[in-house]
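Containing PDB, C-alpha atoms, pLDDT in the B column: coords24.pdb.
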```
MODEL        1
ATOM      1  CA  MET A  14      58.097  80.330  26.821  1.00 94.00           C
ATOM      2  CA  ILE A  15      61.294  79.862  24.871  1.00 98.00           C
ATOM      3  CA  ASN A  16      64.861  79.775  26.149  1.00 98.00           C
ATOM      4  CA  LEU A  17      67.246  79.251  23.220  1.00 98.00           C
ATOM      5  CA  HIS A  18      71.001  79.603  22.802  1.00 98.00           C
ATOM      6  CA  PHE A  19      72.872  80.063  19.512  1.00 98.00           C
ATOM      7  CA  ILE A  20      76.592  80.258  18.748  1.00 97.00           C
ATOM      8  CA  ASP A  21      77.888  82.236  15.754  1.00 98.00           C
ATOM      9  CA  ASP A  22      78.894  79.612  13.197  1.00 97.00           C
ATOM     10  CA  VAL A  23      79.191  82.064  10.286  1.00 97.00           C
ATOM     11  CA  TYR A  24      81.858  84.634  11.143  1.00 96.00           C
ATOM     12  CA  PRO A  25      85.345  83.790  12.403  1.00 95.00           C
ATOM     13  CA  ILE A  26      86.419  84.320  15.992  1.00 94.00           C
ATOM     14  CA  ILE A  27      88.685  87.368  15.797  1.00 89.00           C
ATOM     15  CA  SER A  28      90.372  87.231  19.211  1.00 90.00           C
ATOM     16  CA  ASN A  29      90.469  85.386  22.524  1.00 93.00           C
ATOM     17  CA  GLU A  30      88.937  88.334  24.366  1.00 93.00           C
ATOM     18  CA  PRO A  31      85.897  87.426  26.446  1.00 95.00           C
ATOM     19  CA  TYR A  32      82.502  88.233  24.961  1.00 97.00           C
ATOM     20  CA  LYS A  33      80.769  91.270  26.450  1.00 97.00           C
ATOM     21  CA  GLU A  34      77.236  90.551  27.617  1.00 97.00           C
ATOM     22  CA  ARG A  35      74.359  92.799  26.531  1.00 97.00           C
ATOM     23  CA  GLN A  36      70.753  92.632  27.746  1.00 98.00           C
ATOM     24  CA  ILE A  37      68.351  93.438  24.895  1.00 98.00           C
ATOM     25  CA  ALA A  38      64.585  93.942  24.675  1.00 98.00           C
ATOM     26  CA  ARG A  39      63.207  92.873  21.286  1.00 98.00           C
ATOM     27  CA  GLY A  40      59.693  92.436  19.936  1.00 98.00           C
ATOM     28  CA  PHE A  41      57.048  92.326  17.277  1.00 98.00           C
ATOM     29  CA  LEU A  42      54.205  94.835  17.184  1.00 98.00           C
ATOM     30  CA  LEU A  43      50.778  93.400  16.265  1.00 98.00           C
ATOM     31  CA  ASP A  44      48.439  95.644  14.271  1.00 98.00           C
ATOM     32  CA  GLU A  45      44.647  95.594  13.917  1.00 97.00           C
ATOM     33  CA  ASN A  46      44.911  93.198  10.916  1.00 97.00           C
ATOM     34  CA  ASN A  47      47.012  90.626  12.847  1.00 97.00           C
ATOM     35  CA  LYS A  48      50.126  91.662  10.918  1.00 98.00           C
ATOM     36  CA  LEU A  49      53.485  91.991  12.666  1.00 98.00           C
ATOM     37  CA  SER A  50      55.958  94.850  12.485  1.00 98.00           C
ATOM     38  CA  ILE A  51      59.280  94.192  10.839  1.00 98.00           C
ATOM     39  CA  LEU A  52      62.309  96.354  10.105  1.00 97.00           C
ATOM     40  CA  LYS A  53      64.050  96.217   6.747  1.00 97.00           C
ATOM     41  CA  ILE A  54      67.753  96.568   7.484  1.00 94.00           C
ATOM     42  CA  SER A  55      70.414  97.579   4.950  1.00 93.00           C
ATOM     43  CA  ARG A  56      74.044  97.629   5.946  1.00 93.00           C
ATOM     44  CA  ASP A  57      77.526  97.818   4.509  1.00 92.00           C
ATOM     45  CA  ASP A  58      79.931  97.140   7.348  1.00 91.00           C
ATOM     46  CA  MET A  59      81.985  94.344   8.943  1.00 90.00           C
ATOM     47  CA  PHE A  60      79.065  91.945   8.407  1.00 93.00           C
ATOM     48  CA  GLY A  61      79.038  92.674   4.665  1.00 91.00           C
ATOM     49  CA  LYS A  62      76.803  94.561   2.266  1.00 94.00           C
ATOM     50  CA  LEU A  63      73.298  93.150   2.539  1.00 94.00           C
ATOM     51  CA  THR A  64      69.610  93.715   3.198  1.00 95.00           C
ATOM     52  CA  TYR A  65      67.483  91.587   5.527  1.00 96.00           C
ATOM     53  CA  ILE A  66      64.649  91.836   8.061  1.00 98.00           C
ATOM     54  CA  GLU A  67      64.664  91.888  11.860  1.00 97.00           C
ATOM     55  CA  SER A  68      62.338  92.668  14.750  1.00 98.00           C
ATOM     56  CA  SER A  69      62.600  95.936  16.669  1.00 97.00           C
ATOM     57  CA  GLY A  70      64.873  96.022  19.662  1.00 96.00           C
ATOM     58  CA  GLY A  71      67.900  97.316  21.436  1.00 95.00           C
ATOM     59  CA  GLY A  72      69.813  97.509  24.654  1.00 96.00           C
ATOM     60  CA  ILE A  73      68.157  97.771  28.040  1.00 98.00           C
ATOM     61  CA  ASP A  74      69.484 100.965  29.623  1.00 96.00           C
ATOM     62  CA  ASP A  75      70.908 101.069  33.160  1.00 95.00           C
ATOM     63  CA  GLY A  76      68.050 101.345  35.652  1.00 96.00           C
ATOM     64  CA  GLU A  77      65.445 100.434  33.012  1.00 97.00           C
ATOM     65  CA  ASN A  78      63.310  97.302  33.242  1.00 97.00           C
ATOM     66  CA  MET A  79      62.774  95.161  30.144  1.00 97.00           C
ATOM     67  CA  ASN A  80      59.064  96.079  29.840  1.00 98.00           C
ATOM     68  CA  ASP A  81      59.889  99.781  29.657  1.00 98.00           C
ATOM     69  CA  ALA A  82      62.832  99.064  27.353  1.00 98.00           C
ATOM     70  CA  ILE A  83      60.757  97.214  24.753  1.00 98.00           C
ATOM     71  CA  LYS A  84      58.097  99.927  24.698  1.00 98.00           C
ATOM     72  CA  ARG A  85      60.821 102.553  24.243  1.00 96.00           C
ATOM     73  CA  GLU A  86      62.552 100.584  21.474  1.00 96.00           C
ATOM     74  CA  ILE A  87      59.264 100.000  19.622  1.00 97.00           C
ATOM     75  CA  ARG A  88      58.419 103.720  19.870  1.00 95.00           C
ATOM     76  CA  GLU A  89      61.892 104.807  18.730  1.00 94.00           C
ATOM     77  CA  GLU A  90      62.111 102.422  15.768  1.00 94.00           C
ATOM     78  CA  THR A  91      58.496 102.165  14.554  1.00 95.00           C
ATOM     79  CA  GLY A  92      56.975 105.397  15.871  1.00 95.00           C
ATOM     80  CA  TYR A  93      54.121 103.606  17.647  1.00 97.00           C
ATOM     81  CA  GLU A  94      53.100 103.501  21.270  1.00 98.00           C
ATOM     82  CA  SER A  95      52.524  99.916  22.404  1.00 98.00           C
ATOM     83  CA  GLU A  96      51.036  97.653  25.017  1.00 98.00           C
ATOM     84  CA  ILE A  97      52.617  94.332  25.964  1.00 98.00           C
ATOM     85  CA  ILE A  98      50.496  91.309  25.033  1.00 98.00           C
ATOM     86  CA  SER A  99      52.938  88.587  26.053  1.00 98.00           C
ATOM     87  CA  TYR A 100      56.496  87.871  27.043  1.00 98.00           C
ATOM     88  CA  ILE A 101      57.812  85.270  24.567  1.00 98.00           C
ATOM     89  CA  GLY A 102      61.079  84.313  26.247  1.00 98.00           C
ATOM     90  CA  ILE A 103      64.854  84.556  25.888  1.00 98.00           C
ATOM     91  CA  VAL A 104      67.125  83.992  22.914  1.00 98.00           C
ATOM     92  CA  THR A 105      70.836  84.179  23.681  1.00 98.00           C
ATOM     93  CA  ASP A 106      73.214  84.469  20.758  1.00 97.00           C
ATOM     94  CA  HIS A 107      76.844  85.301  20.122  1.00 96.00           C
ATOM     95  CA  TYR A 108      78.378  87.553  17.490  1.00 96.00           C
ATOM     96  CA  ASN A 109      82.048  86.771  16.901  1.00 97.00           C
ATOM     97  CA  LEU A 110      82.861  89.985  15.028  1.00 95.00           C
ATOM     98  CA  LEU A 111      81.447  92.102  17.861  1.00 94.00           C
ATOM     99  CA  LYS A 112      82.759  89.820  20.638  1.00 96.00           C
ATOM    100  CA  ARG A 113      79.287  90.088  22.145  1.00 97.00           C
ATOM    101  CA  LYS A 114      76.821  87.746  23.817  1.00 98.00           C
ATOM    102  CA  ASN A 115      73.278  89.106  23.404  1.00 98.00           C
ATOM    103  CA  ILE A 116      70.628  88.042  25.892  1.00 98.00           C
ATOM    104  CA  GLN A 117      67.453  89.023  24.060  1.00 98.00           C
ATOM    105  CA  HIS A 118      64.081  89.213  25.807  1.00 98.00           C
ATOM    106  CA  TYR A 119      61.330  88.856  23.180  1.00 98.00           C
ATOM    107  CA  PHE A 120      57.829  90.321  23.420  1.00 98.00           C
ATOM    108  CA  LEU A 121      54.610  90.494  21.446  1.00 98.00           C
ATOM    109  CA  LEU A 122      53.011  93.929  21.689  1.00 98.00           C
ATOM    110  CA  LYS A 123      49.796  95.587  20.508  1.00 98.00           C
ATOM    111  CA  LYS A 124      50.143  98.630  18.257  1.00 98.00           C
ATOM    112  CA  GLY A 125      48.917 101.907  19.729  1.00 98.00           C
ATOM    113  CA  LYS A 126      48.809 105.411  18.309  1.00 97.00           C
ATOM    114  CA  TYR A 127      51.492 106.748  16.013  1.00 96.00           C
ATOM    115  CA  VAL A 128      53.720 109.318  17.753  1.00 96.00           C
ATOM    116  CA  GLY A 129      56.664 109.477  15.329  1.00 90.00           C
ATOM    117  CA  LYS A 130      59.996 107.714  15.125  1.00 81.00           C
ATOM    118  CA  HIS A 131      62.921 108.831  17.223  1.00 77.00           C
ATOM    119  CA  LEU A 132      65.977 106.988  15.944  1.00 68.00           C
ATOM    120  CA  VAL A 133      68.788 107.407  18.439  1.00 66.00           C
ATOM    121  CA  SER A 134      71.378 104.637  18.192  1.00 67.00           C
ATOM    122  CA  LEU A 135      74.026 103.851  15.599  1.00 59.00           C
ATOM    123  CA  GLY A 136      72.159 100.669  14.647  1.00 66.00           C
ATOM    124  CA  ASP A 137      69.029 102.714  13.899  1.00 68.00           C
ATOM    125  CA  ASN A 138      70.848 104.130  10.863  1.00 76.00           C
ATOM    126  CA  PHE A 139      70.551 100.694   9.220  1.00 84.00           C
ATOM    127  CA  ILE A 140      66.722 100.789   9.306  1.00 88.00           C
ATOM    128  CA  ASN A 141      65.392 101.426   5.802  1.00 89.00           C
ATOM    129  CA  GLU A 142      61.727 100.757   6.335  1.00 93.00           C
ATOM    130  CA  VAL A 143      59.136  99.663   8.883  1.00 95.00           C
ATOM    131  CA  SER A 144      56.318  97.521   7.559  1.00 97.00           C
ATOM    132  CA  PHE A 145      53.698  95.066   8.759  1.00 98.00           C
ATOM    133  CA  MET A 146      53.576  91.522   7.381  1.00 98.00           C
ATOM    134  CA  SER A 147      51.435  88.459   7.946  1.00 98.00           C
ATOM    135  CA  LEU A 148      52.917  85.611   9.944  1.00 98.00           C
ATOM    136  CA  ASP A 149      53.027  83.448   6.797  1.00 97.00           C
ATOM    137  CA  ASP A 150      54.888  86.142   4.841  1.00 98.00           C
ATOM    138  CA  LEU A 151      57.388  86.568   7.684  1.00 98.00           C
ATOM    139  CA  TYR A 152      58.054  82.814   7.709  1.00 98.00           C
ATOM    140  CA  LYS A 153      58.681  82.894   3.942  1.00 98.00           C
ATOM    141  CA  GLU A 154      60.982  85.917   4.166  1.00 97.00           C
ATOM    142  CA  TYR A 155      63.014  84.511   7.055  1.00 98.00           C
ATOM    143  CA  SER A 156      63.203  81.085   5.386  1.00 97.00           C
ATOM    144  CA  SER A 157      64.813  82.702   2.343  1.00 97.00           C
ATOM    145  CA  PHE A 158      67.788  83.645   4.557  1.00 97.00           C
ATOM    146  CA  LEU A 159      68.397  80.179   6.031  1.00 97.00           C
ATOM    147  CA  ASN A 160      70.664  79.071   3.169  1.00 96.00           C
ATOM    148  CA  LYS A 161      72.901  82.149   3.401  1.00 95.00           C
ATOM    149  CA  LYS A 162      76.058  82.420   5.444  1.00 94.00           C
ATOM    150  CA  ASP A 163      75.806  85.962   6.736  1.00 97.00           C
ATOM    151  CA  ILE A 164      74.065  87.938   9.471  1.00 96.00           C
ATOM    152  CA  SER A 165      70.649  87.462   7.817  1.00 97.00           C
ATOM    153  CA  TYR A 166      70.965  83.735   8.581  1.00 98.00           C
ATOM    154  CA  LEU A 167      71.926  84.420  12.221  1.00 98.00           C
ATOM    155  CA  VAL A 168      68.867  86.676  12.600  1.00 98.00           C
ATOM    156  CA  ALA A 169      66.457  84.303  10.819  1.00 98.00           C
ATOM    157  CA  ARG A 170      67.392  81.245  12.854  1.00 98.00           C
ATOM    158  CA  LYS A 171      66.732  83.078  16.140  1.00 98.00           C
ATOM    159  CA  GLU A 172      63.507  84.795  15.063  1.00 98.00           C
ATOM    160  CA  ILE A 173      61.719  81.834  13.435  1.00 98.00           C
ATOM    161  CA  PRO A 174      61.285  80.120  16.850  1.00 98.00           C
ATOM    162  CA  VAL A 175      59.900  83.422  18.186  1.00 98.00           C
ATOM    163  CA  LEU A 176      57.347  83.452  15.343  1.00 98.00           C
ATOM    164  CA  ASN A 177      56.390  79.887  16.298  1.00 98.00           C
ATOM    165  CA  GLU A 178      55.593  81.099  19.819  1.00 98.00           C
ATOM    166  CA  ILE A 179      53.618  84.055  18.475  1.00 98.00           C
ATOM    167  CA  LYS A 180      51.599  81.672  16.303  1.00 97.00           C
ATOM    168  CA  LYS A 181      50.644  79.693  19.456  1.00 97.00           C
ATOM    169  CA  ILE A 182      49.484  82.912  21.136  1.00 96.00           C
ATOM    170  CA  LEU A 183      47.460  84.171  18.167  1.00 95.00           C
ATOM    171  CA  TYR A 184      45.913  80.906  17.017  1.00 91.00           C
TER
ENDMDL
END
```
Can you dump the structure from the file as structure tokens?
Amino acid sequence: MINLHFIDDVYPIISNEPYKERQIARGFLLDENNKLSILKISRDDMFGKLTYIESSGGGIDDGENMNDAIKREIREETGYESEIISYIGIVTDHYNLLKRKNIQHYFLLKKGKYVGKHLVSLGDNFINEVSFMSLDDLYKEYSSFLNKKDISYLVARKEIPVLNEIKKILY
């Protein structure tokens, strides 16, 4: 199980305000061909105008446990019901522009039946596409972001270790 901590070394610190803490459930959905779900994100905001990939996930609601939260997030963003295969661990990271410390609980889940997407949060508007990719293709895609100095780099460096854990589970 992983327990990693990353500091934002890309964007400037904008104030001395304390970072707000947010508990997040995040995960990859495994399909019948051993491919993993991935979201293609396009944005034009304070982080810049760019396109990158990221796993499904979002905030854990008050009174909700992280297992229920990840199943809800997967259903909302991919449209699929899911079953938890494994808890991967925690990745904590900071985002200077948001003044936020994210404590992200990662999961590997098995794809169930399609029930339709239900995008509800502001961040869901950035989702362009949901697709399924092999582990090798995900490594290649994430690796292409490691030389950039934007949010795609911050996402890639936290999700590559998660893929390493998934590889141990699957193989």
If we count all atoms listed in the file, what is near A:Lys180 at a cut-off of 8 Å, once residues fewer than 4 positions away on the same chain are taken out, given as a tab-separated table (two decimals) with C-alpha atoms, in the coordinates of the input?
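Output (result-v9.tsv):
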```tsv
chain	number	residue	atom	x	y	z
A	148	LEU	CA	52.92	85.61	9.94
A	176	LEU	CA	57.35	83.45	15.34
A	184	TYR	CA	45.91	80.91	17.02
```
**Q.** Chain and number of each residue from the PyMOL selection byres ((chain A and resi 104) around 7), as a PyMOL selection string
**A.** chain A and resi 16-18+102-103+105-106+116-118+171
Give me a file of those residues, with C-alpha atoms, as a compact mmCIF listing (two decimals), in the frame of the given file.
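The resulting file, result_16.txt, is shown below:
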```txt
# COMPACT_ATOMS: atom_id res chain seq x y z
CA ASN A 16 64.86 79.78 26.15
CA LEU A 17 67.25 79.25 23.22
CA HIS A 18 71.00 79.60 22.80
CA GLY A 102 61.08 84.31 26.25
CA ILE A 103 64.85 84.56 25.89
CA THR A 105 70.84 84.18 23.68
CA ASP A 106 73.21 84.47 20.76
CA ILE A 116 70.63 88.04 25.89
CA GLN A 117 67.45 89.02 24.06
CA HIS A 118 64.08 89.21 25.81
CA LYS A 171 66.73 83.08 16.14
```
Applying 6 Å and only C-alpha atoms, which residues near A:Ile73 remain after dropping the ones on its own chain fewer than 2 positions away? List them as an mmCIF file with C-alpha atoms, in the coordinates of the input.
```cif
data_model
loop_
_atom_site.group_PDB
_atom_site.id
_atom_site.type_symbol
_atom_site.label_atom_id
_atom_site.label_comp_id
_atom_site.auth_asym_id
_atom_site.auth_seq_id
_atom_site.Cartn_x
_atom_site.Cartn_y
_atom_site.Cartn_z
ATOM 1 C CA GLN A 36 70.753 92.632 27.746
ATOM 2 C CA ILE A 37 68.351 93.438 24.895
ATOM 3 C CA ALA A 82 62.832 99.064 27.353
#
```
Q: Can you turn the PyMOL selection byres ((chain A and resi 52) around 7) into a concrete residue list for this file, as a PyMOL selection string?
A: chain A and resi 50-51+53-54+66-69+140+142-144
Q: Have a look at A:Val128, A:Ile101, A:Met146, A:Ile83 and name the one nearest to A:Val175; count only C-alpha atoms.
A: A:Ile101
Q.
So that I can check the surroundings of A:Arg85, please list as a PyMOL selection string every protein, DNA and RNA residue that reaches within 10 Å of it, counting all atoms listed in the file and ignoring chain neighbours fewer than 4 positions away.
A. chain A and resi 38+70-71+73+79-81+89-95+131
Q: Could you list the residues chosen by the PyMOL selection byres ((chain A and resi 153-155) around 10) in this structure as a PyMOL selection string?
A: chain A and resi 65-67+146-152+156-159+165-166+168-173
